[in-house]
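Everything below concerns the one structure shown next.
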Amino acid sequence: AVDDWRDLGIGLEPVHSAVSRGALLFPPQSSYLIANKKTLAWISEGLPWMTEDDRELVARYLPWTRLVHPRKVEWRGVRHDLAALLLENRRDFVLKKAIGMMGLQVVLGPYATDQEWEGAVTAALADRDSIVQE
């Protein structure tokens, strides 16, 4: 977003200059996938077309990541209700909005109070637009 660019000190002059000359920018739809952290959850959980080598690569380099909504998940080899898992293991997890930047809209379980964490988990479960990472 433009405000994020300004906050980061990224100059917008080239964009303004191009627009003043009538240029239009049409980023590919695939750019949305890169910007959305839900993609990390899909990859972490595994997609049907992934090979065993793909899954091993993901397990090695991507933290355990899941979409946050009421459901069962597997964590450390055991099936859990996601809400209960998050509430009972706050220190192991980080909640993030699917679209966010610069660490905003992130709740670090180890540094949140029980009340802050419970509120963040409840909101994330309701809005279905967050991920959780180990």
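Identifiers in the structure tokens: chain A, B, ... in order shown; residue index from 1 per chain; ligand index from 1 in order shown.
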
Excluding A:Val68 and any residue of its chain fewer than 6 positions from it, enumerate the residues within 7 Å of it, using only C-alpha atoms, and give them as a VMD selection string. chain A and resid 124 to 125 128 130 to 132

With N, CA and C atoms retained, export the selected residues as a PDB file, in the first residue's frame.
ATOM      1  N   ALA A 124      -9.209 -13.945  15.481  1.00  0.00           N
ATOM      2  CA  ALA A 124      -8.686 -14.640  14.298  1.00  0.00           C
ATOM      3  C   ALA A 124      -9.615 -15.774  13.870  1.00  0.00           C
ATOM      4  N   LEU A 125     -10.152 -16.510  14.830  1.00  0.00           N
ATOM      5  CA  LEU A 125     -11.085 -17.591  14.506  1.00  0.00           C
ATOM      6  C   LEU A 125     -12.354 -17.040  13.864  1.00  0.00           C
ATOM      7  N   ARG A 128     -11.407 -15.290  10.175  1.00  0.00           N
ATOM      8  CA  ARG A 128     -10.903 -16.266   9.191  1.00  0.00           C
ATOM      9  C   ARG A 128      -9.945 -15.641   8.180  1.00  0.00           C
ATOM     10  N   SER A 130      -6.504 -14.940   9.110  1.00  0.00           N
ATOM     11  CA  SER A 130      -5.211 -14.955   9.792  1.00  0.00           C
ATOM     12  C   SER A 130      -4.562 -16.318   9.616  1.00  0.00           C
ATOM     13  N   ILE A 131      -3.263 -16.320   9.885  1.00  0.00           N
ATOM     14  CA  ILE A 131      -2.528 -17.577   9.945  1.00  0.00           C
ATOM     15  C   ILE A 131      -1.899 -17.684  11.322  1.00  0.00           C
ATOM     16  N   VAL A 132      -1.500 -18.884  11.682  1.00  0.00           N
ATOM     17  CA  VAL A 132      -0.729 -19.104  12.894  1.00  0.00           C
ATOM     18  C   VAL A 132       0.536 -19.842  12.484  1.00  0.00           C
TER      19      VAL A 132
END

Please build the interface table for stretch 2-72 of chain A against stretch 85-93 of chain A with a cut-off of 10 Å, listing for each qualifying residue the nearest atom pair and the distance in Å to one decimal; count only C-alpha atoms, order rows by chain and increasing number, and write it as a Markdown table.
| residue | atom | partner | partner_atom | distance |
| --- | --- | --- | --- | --- |
| A:Trp64 | CA | A:Phe93 | CA | 9.5 |
| A:Thr65 | CA | A:Phe93 | CA | 9.5 |
| A:Val68 | CA | A:Leu86 | CA | 9.8 |
| A:Lys72 | CA | A:Leu85 | CA | 9.4 |

Got time to write the residues from that selection, N, CA and C atoms, as a short mmCIF file (atom, residue, chain, number, x, y, z; two decimals), in the first residue's frame?
data_model
loop_
_atom_site.label_atom_id
_atom_site.label_comp_id
_atom_site.auth_asym_id
_atom_site.auth_seq_id
_atom_site.Cartn_x
_atom_site.Cartn_y
_atom_site.Cartn_z
N TRP A 64 5.86 -24.41 10.67
CA TRP A 64 4.51 -24.96 10.70
C TRP A 64 3.55 -23.78 10.64
N THR A 65 2.68 -23.75 9.65
CA THR A 65 1.78 -22.62 9.40
C THR A 65 0.42 -23.15 9.04
N VAL A 68 -6.21 -19.96 10.20
CA VAL A 68 -6.92 -19.95 11.48
C VAL A 68 -8.42 -19.86 11.21
N LYS A 72 -9.85 -28.95 12.99
CA LYS A 72 -8.84 -29.84 13.55
C LYS A 72 -7.56 -29.69 12.72
#

Between A:Gly9, A:Asp127, A:Arg55, A:Ser44, which has the minimum distance to A:Trp75 (counting only C-alpha atoms)? A:Ser44

Just the helix (DSSP H, G or I) stuff from stretch 30-129 of chain A, please, per backbone DSSP, written as a ChimeraX atom specification. /A:30-35,38-45,52-61,82-88,90-92,109-111,114-127

Quick one: write out the picked residues with N, CA and C atoms as a short mmCIF file (atom, residue, chain, number, x, y, z; two decimals), in the first residue's frame?
data_model
loop_
_atom_site.label_atom_id
_atom_site.label_comp_id
_atom_site.auth_asym_id
_atom_site.auth_seq_id
_atom_site.Cartn_x
_atom_site.Cartn_y
_atom_site.Cartn_z
N SER A 30 -1.24 -13.19 -9.96
CA SER A 30 -0.39 -14.06 -9.14
C SER A 30 0.36 -13.28 -8.07
N SER A 31 0.53 -11.97 -8.24
CA SER A 31 1.22 -11.19 -7.22
C SER A 31 0.45 -11.19 -5.91
N TYR A 32 -0.86 -11.38 -5.97
CA TYR A 32 -1.66 -11.45 -4.75
C TYR A 32 -1.25 -12.66 -3.91
N LEU A 33 -0.94 -13.76 -4.57
CA LEU A 33 -0.54 -14.97 -3.84
C LEU A 33 0.73 -14.74 -3.03
N ILE A 34 1.65 -13.98 -3.59
CA ILE A 34 2.90 -13.72 -2.90
C ILE A 34 2.68 -12.81 -1.70
N ALA A 35 1.74 -11.89 -1.81
CA ALA A 35 1.48 -10.92 -0.74
C ALA A 35 0.63 -11.51 0.38
N LYS A 38 -1.66 -16.53 3.53
CA LYS A 38 -2.41 -17.79 3.45
C LYS A 38 -1.69 -18.78 2.54
N THR A 39 -0.96 -18.27 1.57
CA THR A 39 -0.20 -19.14 0.68
C THR A 39 0.80 -19.98 1.48
N LEU A 40 1.42 -19.37 2.50
CA LEU A 40 2.35 -20.11 3.35
C LEU A 40 1.64 -21.26 4.06
N ALA A 41 0.42 -21.00 4.51
CA ALA A 41 -0.34 -22.06 5.20
C ALA A 41 -0.69 -23.19 4.24
N TRP A 42 -1.10 -22.86 3.04
CA TRP A 42 -1.43 -23.91 2.07
C TRP A 42 -0.21 -24.78 1.80
N ILE A 43 0.93 -24.13 1.61
CA ILE A 43 2.15 -24.88 1.32
C ILE A 43 2.58 -25.70 2.53
N SER A 44 2.54 -25.10 3.72
CA SER A 44 2.94 -25.81 4.93
C SER A 44 2.07 -27.03 5.19
N GLU A 45 0.79 -26.88 4.96
CA GLU A 45 -0.13 -28.00 5.21
C GLU A 45 -0.01 -29.07 4.13
N GLU A 52 6.70 -35.98 -2.38
CA GLU A 52 7.32 -36.18 -1.07
C GLU A 52 8.54 -35.28 -0.92
N ASP A 53 9.30 -35.10 -1.99
CA ASP A 53 10.45 -34.18 -1.94
C ASP A 53 9.99 -32.75 -1.67
N ASP A 54 8.88 -32.33 -2.29
CA ASP A 54 8.32 -31.00 -2.03
C ASP A 54 7.99 -30.85 -0.56
N ARG A 55 7.32 -31.85 0.00
CA ARG A 55 6.90 -31.79 1.40
C ARG A 55 8.10 -31.74 2.35
N GLU A 56 9.14 -32.48 2.03
CA GLU A 56 10.35 -32.46 2.86
C GLU A 56 11.03 -31.09 2.80
N LEU A 57 11.07 -30.49 1.62
CA LEU A 57 11.64 -29.16 1.47
C LEU A 57 10.86 -28.14 2.29
N VAL A 58 9.55 -28.20 2.20
CA VAL A 58 8.70 -27.29 2.97
C VAL A 58 8.91 -27.49 4.46
N ALA A 59 8.93 -28.74 4.91
CA ALA A 59 9.12 -29.02 6.34
C ALA A 59 10.47 -28.50 6.84
N ARG A 60 11.46 -28.52 5.99
CA ARG A 60 12.80 -28.07 6.39
C ARG A 60 12.89 -26.55 6.50
N TYR A 61 12.22 -25.82 5.59
CA TYR A 61 12.46 -24.37 5.50
C TYR A 61 11.29 -23.47 5.90
N LEU A 82 -7.97 -26.68 16.76
CA LEU A 82 -7.05 -25.56 16.62
C LEU A 82 -7.23 -24.51 17.71
N ALA A 83 -8.47 -24.17 18.03
CA ALA A 83 -8.70 -23.15 19.07
C ALA A 83 -8.08 -23.58 20.39
N ALA A 84 -8.34 -24.81 20.80
CA ALA A 84 -7.79 -25.31 22.07
C ALA A 84 -6.27 -25.36 22.02
N LEU A 85 -5.74 -25.81 20.90
CA LEU A 85 -4.28 -25.88 20.74
C LEU A 85 -3.65 -24.51 20.94
N LEU A 86 -4.21 -23.50 20.30
CA LEU A 86 -3.64 -22.15 20.40
C LEU A 86 -3.77 -21.59 21.81
N LEU A 87 -4.93 -21.79 22.42
CA LEU A 87 -5.14 -21.24 23.76
C LEU A 87 -4.28 -21.94 24.80
N GLU A 88 -4.02 -23.22 24.62
CA GLU A 88 -3.25 -23.99 25.61
C GLU A 88 -1.74 -23.90 25.38
N ARG A 90 0.10 -20.99 24.02
CA ARG A 90 0.36 -19.62 23.58
C ARG A 90 1.84 -19.38 23.28
N ARG A 91 2.72 -19.88 24.11
CA ARG A 91 4.15 -19.57 23.97
C ARG A 91 4.79 -20.19 22.73
N ASP A 92 4.08 -21.10 22.08
CA ASP A 92 4.63 -21.77 20.89
C ASP A 92 4.22 -21.12 19.57
N GLY A 109 2.76 -14.86 20.67
CA GLY A 109 2.26 -15.59 21.83
C GLY A 109 3.15 -15.49 23.06
N PRO A 110 4.48 -15.68 22.92
CA PRO A 110 5.33 -15.63 24.10
C PRO A 110 5.34 -14.28 24.81
N TYR A 111 4.98 -13.22 24.11
CA TYR A 111 5.03 -11.88 24.70
C TYR A 111 3.65 -11.31 25.00
N ASP A 114 -2.17 -13.58 28.72
CA ASP A 114 -3.22 -14.57 28.44
C ASP A 114 -4.45 -13.90 27.85
N GLN A 115 -4.81 -12.75 28.41
CA GLN A 115 -6.00 -12.02 27.94
C GLN A 115 -5.80 -11.51 26.51
N GLU A 116 -4.64 -10.94 26.22
CA GLU A 116 -4.36 -10.47 24.86
C GLU A 116 -4.40 -11.63 23.86
N TRP A 117 -3.79 -12.74 24.24
CA TRP A 117 -3.73 -13.89 23.35
C TRP A 117 -5.13 -14.46 23.10
N GLU A 118 -5.90 -14.61 24.16
CA GLU A 118 -7.26 -15.14 24.00
C GLU A 118 -8.08 -14.24 23.09
N GLY A 119 -7.96 -12.93 23.26
CA GLY A 119 -8.68 -12.00 22.40
C GLY A 119 -8.24 -12.10 20.95
N ALA A 120 -6.93 -12.22 20.74
CA ALA A 120 -6.40 -12.33 19.37
C ALA A 120 -6.84 -13.64 18.72
N VAL A 121 -6.80 -14.74 19.46
CA VAL A 121 -7.23 -16.04 18.92
C VAL A 121 -8.72 -16.01 18.59
N THR A 122 -9.52 -15.47 19.50
CA THR A 122 -10.97 -15.38 19.27
C THR A 122 -11.27 -14.56 18.02
N ALA A 123 -10.60 -13.42 17.88
CA ALA A 123 -10.81 -12.57 16.70
C ALA A 123 -10.35 -13.28 15.43
N ALA A 124 -9.21 -13.95 15.48
CA ALA A 124 -8.69 -14.64 14.30
C ALA A 124 -9.61 -15.77 13.87
N LEU A 125 -10.15 -16.51 14.83
CA LEU A 125 -11.09 -17.59 14.51
C LEU A 125 -12.35 -17.04 13.86
N ALA A 126 -12.79 -15.88 14.32
CA ALA A 126 -14.03 -15.29 13.80
C ALA A 126 -13.84 -14.68 12.42
N ASP A 127 -12.73 -13.97 12.21
CA ASP A 127 -12.58 -13.27 10.93
C ASP A 127 -12.01 -14.16 9.82
#

Ranking A:Asp7, A:Asp81, A:Asp129, A:Glu134 by minimum distance to A:Leu62 and counting only C-alpha atoms, which one comes first?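 With only C-alpha atoms as the atom set, the closest residue is A:Glu134.
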
Those in chain A with strand (DSSP E or B) from DSSP, as a list in words: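 Selecting the strand (DSSP E or B) positions of chain A gives Thr65, Arg66, Leu67, Lys72, Val73, Glu74, Trp75, Val78, Arg79, His80, Asp81, Val94, Leu95, Lys96, Lys97, Val106, Val107, Leu108, Ser130, Ile131, Val132 and Gln133 of chain A.
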
Residues just named, written with N, CA and C atoms as a compact mmCIF listing (two decimals), in the first residue's frame:
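Okay, out07.txt is ready:
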# COMPACT_ATOMS: atom_id res chain seq x y z
N THR A 65 2.68 -23.75 9.65
CA THR A 65 1.78 -22.62 9.40
C THR A 65 0.42 -23.15 9.04
N ARG A 66 -0.64 -22.60 9.66
CA ARG A 66 -1.99 -23.04 9.35
C ARG A 66 -2.92 -21.84 9.25
N LEU A 67 -3.96 -21.99 8.42
CA LEU A 67 -5.04 -21.02 8.37
C LEU A 67 -5.79 -21.11 9.69
N LYS A 72 -9.85 -28.95 12.99
CA LYS A 72 -8.84 -29.84 13.55
C LYS A 72 -7.56 -29.69 12.72
N VAL A 73 -6.43 -29.76 13.40
CA VAL A 73 -5.13 -29.70 12.73
C VAL A 73 -4.22 -30.76 13.34
N GLU A 74 -3.19 -31.10 12.59
CA GLU A 74 -2.16 -31.98 13.13
C GLU A 74 -0.96 -31.13 13.51
N TRP A 75 -0.50 -31.27 14.74
CA TRP A 75 0.66 -30.54 15.23
C TRP A 75 1.53 -31.51 16.02
N VAL A 78 0.07 -35.08 16.38
CA VAL A 78 -1.17 -35.32 17.12
C VAL A 78 -2.27 -34.40 16.57
N ARG A 79 -3.50 -34.93 16.43
CA ARG A 79 -4.65 -34.12 15.99
C ARG A 79 -5.15 -33.29 17.16
N HIS A 80 -5.44 -32.01 16.88
CA HIS A 80 -5.91 -31.07 17.90
C HIS A 80 -7.04 -30.23 17.34
N ASP A 81 -7.91 -29.76 18.21
CA ASP A 81 -8.82 -28.68 17.88
C ASP A 81 -7.95 -27.42 17.86
N VAL A 94 2.64 -17.76 16.90
CA VAL A 94 2.53 -16.36 16.47
C VAL A 94 1.31 -16.27 15.56
N LEU A 95 0.44 -15.31 15.81
CA LEU A 95 -0.71 -15.05 14.95
C LEU A 95 -0.40 -13.88 14.03
N LYS A 96 -0.78 -14.02 12.75
CA LYS A 96 -0.54 -12.95 11.78
C LYS A 96 -1.76 -12.81 10.88
N LYS A 97 -2.13 -11.56 10.58
CA LYS A 97 -3.15 -11.33 9.56
C LYS A 97 -2.58 -11.80 8.22
N VAL A 106 0.47 -8.49 14.02
CA VAL A 106 1.10 -9.73 14.47
C VAL A 106 1.00 -9.77 15.99
N VAL A 107 0.64 -10.93 16.52
CA VAL A 107 0.61 -11.12 17.97
C VAL A 107 1.57 -12.26 18.29
N LEU A 108 2.59 -11.95 19.06
CA LEU A 108 3.58 -12.94 19.46
C LEU A 108 3.12 -13.60 20.75
N SER A 130 -6.50 -14.94 9.11
CA SER A 130 -5.21 -14.96 9.79
C SER A 130 -4.56 -16.32 9.62
N ILE A 131 -3.26 -16.32 9.88
CA ILE A 131 -2.53 -17.58 9.95
C ILE A 131 -1.90 -17.68 11.32
N VAL A 132 -1.50 -18.88 11.68
CA VAL A 132 -0.73 -19.10 12.89
C VAL A 132 0.54 -19.84 12.48
N GLN A 133 1.65 -19.45 13.11
CA GLN A 133 2.92 -20.12 12.84
C GLN A 133 3.55 -20.54 14.15

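Reported to one decimal place, the separation of atom CA of A:Trp49 from atom CA of A:Ala98 is 23.1 Å.
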
Applying 12 Å and only C-alpha atoms, which residues near A:Asp3 remain after dropping the ones on its own chain fewer than 4 positions away? List them as a PyMOL selection string. chain A and resi 7-12+101-102
